[in-house]
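This is target.txt. It holds compact mmCIF, C-alpha atoms.
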```
# COMPACT_ATOMS: atom_id res chain seq x y z
CA MET A 125 249.00 77.19 150.83
CA HIS A 126 250.48 78.56 147.65
CA CYS A 127 250.22 82.25 146.92
CA PRO A 128 248.46 83.07 143.64
CA SER A 129 250.74 86.10 143.24
CA CYS A 130 254.28 84.73 143.81
CA GLY A 131 253.59 80.97 143.66
CA HIS A 132 255.41 80.15 146.90
CA ALA A 133 253.87 78.01 149.64
CA THR A 134 253.84 81.00 151.95
CA LEU A 135 250.20 82.05 151.97
CA ALA A 136 249.22 82.23 155.63
CA ARG A 137 245.70 82.32 157.04
CA LEU A 138 245.37 85.21 159.50
CA SER A 139 241.69 84.58 160.24
CA GLU A 140 238.78 82.63 158.80
CA GLN A 141 238.59 85.04 155.88
CA GLU A 142 241.96 86.84 155.73
CA LEU A 143 245.10 85.47 154.03
CA ARG A 144 248.48 87.14 153.50
CA CYS A 145 251.81 86.26 151.86
CA HIS A 146 255.30 87.59 152.58
CA CYS A 147 255.36 88.94 148.99
CA GLY A 148 252.67 91.46 149.94
CA PHE A 149 249.66 89.63 148.49
CA HIS A 150 246.65 90.18 150.76
CA TYR A 151 243.30 88.47 150.21
CA PHE A 152 239.93 88.53 151.97
CA HIS A 153 237.67 85.55 151.23
CA ASN A 154 234.30 87.25 151.64
CA VAL A 155 230.82 85.79 151.70
CA ALA A 156 229.06 85.38 148.34
CA SER A 157 225.56 86.82 147.94
CA ALA A 158 222.76 84.60 146.66
CA VAL A 159 219.01 84.98 146.19
CA LYS A 160 216.00 82.69 146.47
CA VAL A 161 212.47 83.49 145.36
CA ALA A 162 209.33 81.94 146.83
CA LEU A 163 206.57 82.05 144.23
CA CYS A 164 203.28 81.70 146.10
CA TRP A 165 199.91 81.02 144.50
CA ARG A 166 196.98 80.58 146.88
CA ASP A 167 198.14 77.87 149.30
CA GLU A 168 200.86 76.53 146.98
CA LEU A 169 204.59 77.18 146.67
CA LEU A 170 206.68 76.62 143.56
CA VAL A 171 209.40 74.07 144.31
CA ALA A 172 212.38 73.55 142.00
CA VAL A 173 214.10 70.16 141.89
CA ARG A 174 217.86 70.62 141.64
CA ALA A 175 219.45 69.20 138.48
CA ARG A 176 223.04 69.48 139.75
CA GLU A 177 225.13 69.09 142.86
CA PRO A 178 225.08 70.19 145.51
CA GLY A 179 221.75 68.67 146.40
CA ARG A 180 220.92 67.09 143.06
CA GLY A 181 217.35 65.75 143.18
CA LEU A 182 216.46 67.74 146.29
CA TRP A 183 214.05 70.65 146.49
CA ASP A 184 214.99 74.30 146.37
CA LEU A 185 213.51 77.68 145.58
CA PRO A 186 214.45 79.25 142.25
CA GLY A 187 217.50 81.46 142.63
CA GLY A 188 221.27 81.58 142.52
CA PHE A 189 224.36 83.70 142.98
CA VAL A 190 224.43 87.47 142.59
CA ASP A 191 226.70 88.59 139.77
CA PRO A 192 229.21 91.45 140.15
CA ARG A 193 227.62 94.91 139.94
CA GLU A 194 224.12 93.39 140.26
CA SER A 195 221.58 94.20 142.97
CA LEU A 196 219.76 91.48 144.88
CA GLU A 197 216.56 92.37 143.03
CA GLN A 198 218.26 92.26 139.62
CA ALA A 199 219.76 88.87 140.48
CA ALA A 200 216.39 87.52 141.61
CA LEU A 201 214.73 88.58 138.36
CA ARG A 202 217.60 87.26 136.22
CA GLU A 203 217.67 83.91 138.04
CA LEU A 204 213.90 83.49 137.63
CA GLY A 205 214.27 84.11 133.89
CA GLU A 206 217.13 81.62 133.63
CA GLU A 207 215.63 78.88 135.81
CA ILE A 208 211.89 79.03 135.15
CA GLY A 209 211.55 81.15 131.99
CA TRP A 210 209.43 83.79 133.71
CA GLN A 211 209.92 87.07 135.55
CA PRO A 212 207.48 89.10 137.61
CA ALA A 213 207.31 92.87 137.48
CA PRO A 214 210.14 94.17 139.71
CA GLU A 215 207.66 95.78 142.11
CA GLN A 216 206.15 92.34 142.86
CA LEU A 217 209.35 91.20 144.60
CA ARG A 218 208.93 91.39 148.36
CA TYR A 219 212.06 91.04 150.49
CA LEU A 220 211.52 88.59 153.37
CA GLY A 221 214.94 88.24 155.01
CA SER A 222 218.32 86.53 154.75
CA PHE A 223 220.15 83.53 156.16
CA PRO A 224 223.76 82.31 156.16
CA ASN A 225 224.42 79.15 154.18
CA THR A 226 227.25 76.89 153.12
CA TYR A 227 227.36 75.86 149.46
CA HIS A 228 229.66 72.86 149.00
CA PHE A 229 230.86 72.67 145.37
CA ASP A 230 233.82 70.84 143.85
CA GLY A 231 235.37 70.14 147.24
CA ILE A 232 235.14 73.75 148.41
CA ASP A 233 232.77 75.21 150.99
CA TYR A 234 231.49 78.61 149.89
CA CYS A 235 229.94 80.70 152.63
CA THR A 236 226.92 82.55 151.29
CA CYS A 237 224.31 84.95 152.55
CA ASP A 238 221.01 83.94 150.94
CA ALA A 239 218.48 86.77 150.53
CA VAL A 240 214.91 85.53 150.27
CA PHE A 241 212.15 87.21 148.27
CA ALA A 242 208.49 86.30 147.78
CA VAL A 243 206.11 86.96 144.91
CA MET A 244 202.40 86.63 145.61
CA LEU A 245 200.75 85.51 142.39
CA THR A 246 197.16 86.13 141.33
CA GLU A 247 197.42 83.46 138.63
CA LYS A 248 199.87 80.68 137.79
CA PRO A 249 202.30 81.72 135.06
CA GLN A 250 203.54 79.39 132.33
CA LEU A 251 206.86 78.06 133.58
CA ARG A 252 209.59 75.74 132.29
CA ALA A 253 212.45 74.10 134.15
CA ALA A 254 215.77 75.30 132.73
CA ASP A 255 219.41 75.97 133.67
CA ASP A 256 220.12 73.97 136.85
CA VAL A 257 216.47 73.07 137.55
CA ALA A 258 215.36 69.54 136.63
CA GLU A 259 211.65 69.89 137.45
CA LEU A 260 209.13 72.35 138.83
CA HIS A 261 206.24 71.45 141.13
CA TRP A 262 203.49 73.41 142.83
CA VAL A 263 203.30 72.01 146.35
CA ALA A 264 200.57 72.75 148.88
CA ARG A 265 202.10 74.51 151.87
CA GLN A 266 200.81 71.89 154.31
CA ALA A 267 202.59 69.22 152.20
CA LEU A 268 205.97 70.97 152.27
CA ALA A 269 208.61 68.68 153.74
CA PRO A 270 211.50 70.87 154.97
CA GLU A 271 213.89 67.89 155.05
CA ARG A 272 213.51 67.55 151.27
CA PHE A 273 215.09 70.98 150.70
CA ALA A 274 218.78 70.98 149.79
CA PHE A 275 219.93 73.82 152.02
CA PRO A 276 219.37 74.87 155.64
CA SER A 277 218.87 78.47 154.47
CA THR A 278 215.91 77.40 152.31
CA ARG A 279 214.38 75.38 155.16
CA ARG A 280 214.66 78.48 157.35
CA ALA A 281 213.24 80.67 154.57
CA LEU A 282 210.02 78.64 154.67
CA THR A 283 209.34 80.14 158.10
CA LEU A 284 209.18 83.62 156.55
CA LEU A 285 206.51 82.87 153.96
CA PRO A 286 203.54 85.21 154.11
```
Could you quickly redo this structure as structure tokens?
Amino acid sequence: MHCPSCGHATLARLSEQELRCHCGFHYFHNVASAVKVALCWRDELLVAVRAREPGRGLWDLPGGFVDPRESLEQAALRELGEEIGWQPAPEQLRYLGSFPNTYHFDGIDYCTCDAVFAVMLTEKPQLRAADDVAELHWVARQALAPERFAFPSTRRALTLLP
């Protein structure tokens, strides 16, 4: 591997996440944080259809990557605004848990830790699919098909729903 600092093909992998070059460059490839939000109304769950790879056309929960200097909660609210055009009050977010995931994009596997939140709704908000969401559907919980979800972390998140 080529070192991004000196350009020589001397970047050595010391472990799954640690790389070092003889020039002194030292890099840790750490896990990326991501969030998913389960919007629940009565016995229905909001399902987002992915507009892009990975998993184009498959189901997901609204969410995405956490930006630098952003909390998980801030990221969840921002992603909801970007993807469905709606945000709950911050105190409505309920943390459920987290799961490891692999996000394969442009030939690279990104290891992520996906934090899952839920929002229990008393009424259905007006929503619109935007950003990397092609469609939105309210699906009865008994009709949820885990195999239709793009990521193992989302399939596992379904087990945490209140």
Fewer than 5 positions away in the same chain doesn't count, so skip those; otherwise give me all residues within 7 Å of region 140-150 of chain A, counting only C-alpha atoms, as a ChimeraX atom specification.
-> /A:127,129-130,134-135
Do you know which residues are at most 8 Å from Arg176 (chain A) counting only C-alpha atoms, after dropping those on the same chain fewer than 5 positions away, and could you put them as a VMD selection string?
-> chain A and resid 181 256 to 257
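The gap separating CA of Ser157 (chain A) from CA of Gly188 (chain A) is 8.7 Å, in Å to one decimal.
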Proximity to Phe223 (chain A) - best of A:Arg174, A:Lys248, A:Arg279, A:Arg180, all atoms listed in the file = A:Arg279
Who sits within 12 Å of Glu194 (chain A), all atoms listed in the file, same chain under 4 positions skipped, as a ChimeraX atom specification | /A:157-159,189-190,198-203
Excluding Gly231 (chain A) and residues on its chain fewer than 3 positions from it, collect all residues at most 12 Å away from it, counting all atoms listed in the file, and give them as number ranges by chain.
-> A: 177-178, 227-228, 234
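Comparing A:Leu138, A:Ala175, A:Met244, A:Cys237 by their smallest distance to Leu163 (chain A), the closest is A:Met244 (using only C-alpha atoms).
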Find the residues with any atom within 12 Å of (222.9, 86.1, 161.0); use only C-alpha atoms and the coordinates as given in the file, and write the answer as a ChimeraX atom specification.
-> /A:221-225,236-239,277,280
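Nearest to Phe152 (chain A) of all the residues A:Ala136, A:Ala242, A:Leu182, A:Ala274 is A:Ala136, based on all atoms listed in the file.
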Within 8 Å of region 264-267 of chain A, counting only C-alpha atoms, which residues qualify if same-chain residues fewer than 5 places away don't, as a ChimeraX atom specification?
-> /A:167-169
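Taking CA of Trp210 (chain A) and CA of Asp184 (chain A) as endpoints, the distance between them is 16.8 Å.
For the set A:Ala269, A:Pro276, A:Arg218, A:Thr226, the residue with the smallest atom-to-atom gap to Cys164 (chain A) is A:Arg218, counting all atoms listed in the file.
For the choices A:Ala258, A:Val243, A:Leu282, A:Leu268, the atom-to-atom distance to Ala172 (chain A) is smallest for A:Ala258 when using only C-alpha atoms.
Shortest atom-to-atom contact with Gly209 (chain A) among A:Leu260, A:Ile232, A:Leu251, A:Val173: A:Leu251, counting all atoms listed in the file.
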